[in-house]
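**Q** Sharing a structure, written as structure tokens. Questions coming.
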Amino acid sequence: MTSRELRVLGMTCAHCVNFVTEELEHLPGATAVTVDLPTGTVTITSDQDLGLPQLQAAIEEAGYDLAD
Amino acid sequence: MTRIAEKFVEEFYNSFTSEVLTAADPAEVVDRYYAAEAVQIADGIEIDRDKLIAHLRPVRKNLVSWRYEVHEAVREQEQLAARFTIHAQLRKGRMLSTEVHLFAEFAPDGRLRRATQLTRDVTPQTPQDVTPQTTEAAPQ
């Protein structure tokens, strides 16, 4: 079980949280996604290692960007 | 009076959402519904016109269908208070219901100038029916 924390730019409301959560929870092996809206911090837990390119692609697919 | 305010809220947000999802340029839609100096504060997070337009990019991508269920609304000239629930279906099937408690102020030309809202997730265990909306004329 691994956990990774990301900073996502542009989330402004509860719907944004759900857009990002829906995309990430469909990644293979993802078991939990939590989002702290005020800070833009997203934590994804998975039972297999998810690489940064894969996570970045999912975030962008949801319509958002990863912080540098 | 209250029923008129409820109908106004439903039509305002329905037509705004419908136009945002189908417009070639969502900024043009925002400028018809929101005053240039508009500020929206949702759950403590403040967004202005530019941030609202940026926010619409993921909305256009992810929102498949929606329904506004207005529970109560009161309007006194340019001031509006309302409580409503947004039922939404997302691109990959997730169903959401979000209750919104709104205080808003409109400019004399009918555009939204200030909105302060608190929201809470009221998504039921059993998904709600979300009937896709049709485009309606913008209220003035």
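So you can find residues: chains in the structure tokens are A, B, ... in the order shown, residues in each start at 1, and ligands are numbered from 1 in order.
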Got a sec to pull out which chain B residues are within 9 Å of chain A, counting only C-alpha atoms, and send them as a list in words?

**A**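 Taken together, these residues fit the definition: Ala42, Asp43, Gly44, Ile45, Glu46, Ile47, Lys51, Leu52, Ala54, His55, Arg57, Pro58, Val59, Lys61, Asn62, Leu63, Leu90, Arg91, Lys92, Gly93, Arg94, Leu96, Thr98, Thr119, Arg120 and Asp121 of chain B.
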
**Q** Deliver the residues from the most recent selection as a file, using C-alpha atoms, as a PDB file, in the first residue's frame.

**A**
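Contents of result15.pdb, as written:
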```
ATOM      1  CA  ALA B  42     -18.000  29.523  -1.922  1.00  0.00           C
ATOM      2  CA  ASP B  43     -17.061  27.815   1.330  1.00  0.00           C
ATOM      3  CA  GLY B  44     -14.593  30.612   2.013  1.00  0.00           C
ATOM      4  CA  ILE B  45     -12.853  30.419  -1.355  1.00  0.00           C
ATOM      5  CA  GLU B  46     -13.125  33.643  -3.325  1.00  0.00           C
ATOM      6  CA  ILE B  47     -13.144  33.714  -7.115  1.00  0.00           C
ATOM      7  CA  LYS B  51     -11.111  32.480 -11.944  1.00  0.00           C
ATOM      8  CA  LEU B  52     -14.750  31.725 -12.665  1.00  0.00           C
ATOM      9  CA  ALA B  54     -11.019  29.171 -15.624  1.00  0.00           C
ATOM     10  CA  HIS B  55     -13.260  27.066 -13.383  1.00  0.00           C
ATOM     11  CA  ARG B  57     -13.062  24.493 -18.274  1.00  0.00           C
ATOM     12  CA  PRO B  58     -13.273  21.419 -15.998  1.00  0.00           C
ATOM     13  CA  VAL B  59     -17.011  21.938 -15.570  1.00  0.00           C
ATOM     14  CA  LYS B  61     -15.339  18.633 -19.443  1.00  0.00           C
ATOM     15  CA  ASN B  62     -16.819  16.699 -16.549  1.00  0.00           C
ATOM     16  CA  LEU B  63     -20.478  17.626 -16.177  1.00  0.00           C
ATOM     17  CA  LEU B  90     -20.159  13.328 -14.010  1.00  0.00           C
ATOM     18  CA  ARG B  91     -18.395  11.956 -17.057  1.00  0.00           C
ATOM     19  CA  LYS B  92     -17.423   8.634 -15.493  1.00  0.00           C
ATOM     20  CA  GLY B  93     -20.740   8.043 -13.797  1.00  0.00           C
ATOM     21  CA  ARG B  94     -20.300   9.609 -10.369  1.00  0.00           C
ATOM     22  CA  LEU B  96     -23.440  14.152  -6.785  1.00  0.00           C
ATOM     23  CA  THR B  98     -24.726  19.378  -3.306  1.00  0.00           C
ATOM     24  CA  THR B 119     -22.311  24.051   0.463  1.00  0.00           C
ATOM     25  CA  ARG B 120     -22.596  20.547   1.830  1.00  0.00           C
ATOM     26  CA  ASP B 121     -22.562  17.152   0.210  1.00  0.00           C
TER      27      ASP B 121
END
```

**Q** Where in region 10-56 of chain A does DSSP assign alpha helix (DSSP H), given as a ChimeraX atom specification?

**A** /A:14-25,52-56

**Q** Those same residues, written as a tab-separated table (two decimals), in the first residue's frame with all heavy atoms?

**A**
```
chain	number	residue	atom	x	y	z
A	14	ALA	N	-16.62	22.37	-4.26
A	14	ALA	CA	-16.84	20.95	-3.99
A	14	ALA	C	-16.93	20.13	-5.27
A	14	ALA	O	-16.55	18.95	-5.30
A	14	ALA	CB	-18.12	20.78	-3.17
A	15	HIS	N	-17.42	20.74	-6.34
A	15	HIS	CA	-17.49	20.01	-7.60
A	15	HIS	C	-16.10	19.73	-8.16
A	15	HIS	O	-15.85	18.66	-8.71
A	15	HIS	CB	-18.35	20.77	-8.62
A	15	HIS	CG	-19.81	20.67	-8.32
A	15	HIS	ND1	-20.63	21.76	-8.23
A	15	HIS	CD2	-20.61	19.60	-8.06
A	15	HIS	CE1	-21.85	21.37	-7.94
A	15	HIS	NE2	-21.87	20.07	-7.83
A	16	CYS	N	-15.20	20.70	-7.99
A	16	CYS	CA	-13.81	20.48	-8.42
A	16	CYS	C	-13.24	19.26	-7.69
A	16	CYS	O	-12.55	18.42	-8.28
A	16	CYS	CB	-12.95	21.69	-8.12
A	16	CYS	SG	-13.42	23.20	-8.98
A	17	VAL	N	-13.50	19.19	-6.41
A	17	VAL	CA	-13.01	18.06	-5.60
A	17	VAL	C	-13.50	16.74	-6.20
A	17	VAL	O	-12.75	15.77	-6.34
A	17	VAL	CB	-13.49	18.20	-4.15
A	17	VAL	CG1	-13.21	16.92	-3.36
A	17	VAL	CG2	-12.83	19.40	-3.49
A	18	ASN	N	-14.76	16.72	-6.58
A	18	ASN	CA	-15.32	15.49	-7.13
A	18	ASN	C	-14.79	15.18	-8.53
A	18	ASN	O	-14.63	14.02	-8.89
A	18	ASN	CB	-16.84	15.57	-7.14
A	18	ASN	CG	-17.42	15.27	-5.78
A	18	ASN	OD1	-17.50	14.12	-5.36
A	18	ASN	ND2	-17.81	16.31	-5.06
A	19	PHE	N	-14.54	16.23	-9.33
A	19	PHE	CA	-13.97	15.99	-10.67
A	19	PHE	C	-12.61	15.29	-10.55
A	19	PHE	O	-12.33	14.32	-11.26
A	19	PHE	CB	-13.77	17.31	-11.42
A	19	PHE	CG	-15.03	18.08	-11.73
A	19	PHE	CD1	-14.98	19.43	-12.03
A	19	PHE	CD2	-16.27	17.45	-11.75
A	19	PHE	CE1	-16.13	20.15	-12.32
A	19	PHE	CE2	-17.43	18.15	-12.03
A	19	PHE	CZ	-17.35	19.51	-12.32
A	20	VAL	N	-11.78	15.80	-9.65
A	20	VAL	CA	-10.43	15.23	-9.47
A	20	VAL	C	-10.52	13.84	-8.84
A	20	VAL	O	-9.85	12.90	-9.26
A	20	VAL	CB	-9.57	16.17	-8.60
A	20	VAL	CG1	-8.26	15.50	-8.20
A	20	VAL	CG2	-9.29	17.47	-9.36
A	21	THR	N	-11.37	13.72	-7.84
A	21	THR	CA	-11.51	12.43	-7.15
A	21	THR	C	-11.97	11.35	-8.11
A	21	THR	O	-11.44	10.22	-8.11
A	21	THR	CB	-12.51	12.56	-5.98
A	21	THR	OG1	-12.04	13.55	-5.07
A	21	THR	CG2	-12.68	11.24	-5.26
A	22	GLU	N	-12.95	11.69	-8.93
A	22	GLU	CA	-13.49	10.68	-9.86
A	22	GLU	C	-12.41	10.18	-10.81
A	22	GLU	O	-12.31	8.99	-11.10
A	22	GLU	CB	-14.66	11.26	-10.66
A	22	GLU	CG	-15.25	10.23	-11.63
A	22	GLU	CD	-16.41	10.76	-12.45
A	22	GLU	OE1	-16.20	11.78	-13.12
A	22	GLU	OE2	-17.49	10.15	-12.42
A	23	GLU	N	-11.58	11.11	-11.30
A	23	GLU	CA	-10.54	10.71	-12.25
A	23	GLU	C	-9.49	9.83	-11.59
A	23	GLU	O	-9.09	8.79	-12.12
A	23	GLU	CB	-9.89	11.97	-12.84
A	23	GLU	CG	-9.14	11.72	-14.12
A	23	GLU	CD	-10.02	11.24	-15.25
A	23	GLU	OE1	-11.10	11.80	-15.45
A	23	GLU	OE2	-9.62	10.27	-15.93
A	24	LEU	N	-9.04	10.24	-10.40
A	24	LEU	CA	-7.97	9.49	-9.73
A	24	LEU	C	-8.44	8.12	-9.23
A	24	LEU	O	-7.68	7.16	-9.25
A	24	LEU	CB	-7.41	10.31	-8.56
A	24	LEU	CG	-6.61	11.56	-8.95
A	24	LEU	CD1	-6.21	12.33	-7.71
A	24	LEU	CD2	-5.38	11.20	-9.77
A	25	GLU	N	-9.67	8.05	-8.78
A	25	GLU	CA	-10.12	6.77	-8.21
A	25	GLU	C	-10.31	5.70	-9.29
A	25	GLU	O	-10.46	4.54	-8.97
A	25	GLU	CB	-11.39	6.95	-7.38
A	25	GLU	CG	-12.63	7.26	-8.18
A	25	GLU	CD	-13.85	7.53	-7.29
A	25	GLU	OE1	-13.68	7.64	-6.06
A	25	GLU	OE2	-14.95	7.62	-7.84
A	52	LEU	N	4.37	9.42	-11.32
A	52	LEU	CA	3.96	10.81	-11.46
A	52	LEU	C	3.35	11.13	-12.83
A	52	LEU	O	2.33	11.84	-12.90
A	52	LEU	CB	5.15	11.73	-11.17
A	52	LEU	CG	4.83	13.22	-11.08
A	52	LEU	CD1	3.78	13.49	-10.00
A	52	LEU	CD2	6.09	14.03	-10.82
A	53	PRO	N	3.92	10.61	-13.93
A	53	PRO	CA	3.30	10.89	-15.23
A	53	PRO	C	1.85	10.41	-15.32
A	53	PRO	O	0.99	11.08	-15.90
A	53	PRO	CB	4.19	10.13	-16.22
A	53	PRO	CG	5.51	10.04	-15.53
A	53	PRO	CD	5.18	9.87	-14.08
A	54	GLN	N	1.59	9.27	-14.73
A	54	GLN	CA	0.23	8.71	-14.73
A	54	GLN	C	-0.72	9.59	-13.91
A	54	GLN	O	-1.86	9.86	-14.30
A	54	GLN	CB	0.29	7.30	-14.14
A	54	GLN	CG	-0.98	6.49	-14.29
A	54	GLN	CD	-0.82	5.08	-13.74
A	54	GLN	OE1	0.16	4.78	-13.06
A	54	GLN	NE2	-1.76	4.22	-14.05
A	55	LEU	N	-0.21	10.06	-12.77
A	55	LEU	CA	-1.04	10.92	-11.92
A	55	LEU	C	-1.27	12.28	-12.58
A	55	LEU	O	-2.37	12.82	-12.56
A	55	LEU	CB	-0.35	11.11	-10.55
A	55	LEU	CG	-0.26	9.84	-9.70
A	55	LEU	CD1	0.70	10.04	-8.54
A	55	LEU	CD2	-1.65	9.46	-9.18
A	56	GLN	N	-0.22	12.80	-13.19
A	56	GLN	CA	-0.33	14.09	-13.87
A	56	GLN	C	-1.34	14.00	-15.02
A	56	GLN	O	-2.16	14.89	-15.22
A	56	GLN	CB	1.03	14.52	-14.40
A	56	GLN	CG	0.98	15.90	-15.06
A	56	GLN	CD	2.37	16.44	-15.34
A	56	GLN	OE1	3.37	15.77	-15.11
A	56	GLN	NE2	2.43	17.65	-15.83
```

**Q** Excluding Gly40 (chain A) and its own-chain neighbours fewer than 5 positions away, which residues fall within 7 Å of it when counting only C-alpha atoms? Please give them as a list in words.

**A**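 Here the qualifying residues turn out to be Arg7, Val8, Leu9, Met11 and Val35 of chain A.
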
**Q** Excluding Ala30 (chain A) and its own-chain neighbours fewer than 3 positions away, which residues fall within 8 Å of it when counting only C-alpha atoms? Please give them as a list in words.

**A**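 Here the answer would be Leu24, Glu25, His26, Leu27, Val33, Ile44, Thr45, Ser46, Asp47 and Gln48 of chain A.
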
**Q** If I take CA of Asp49 (chain A) and CA of Gly29 (chain A), how far is one from the other in Å, to one decimal?

**A** 8.1 Å
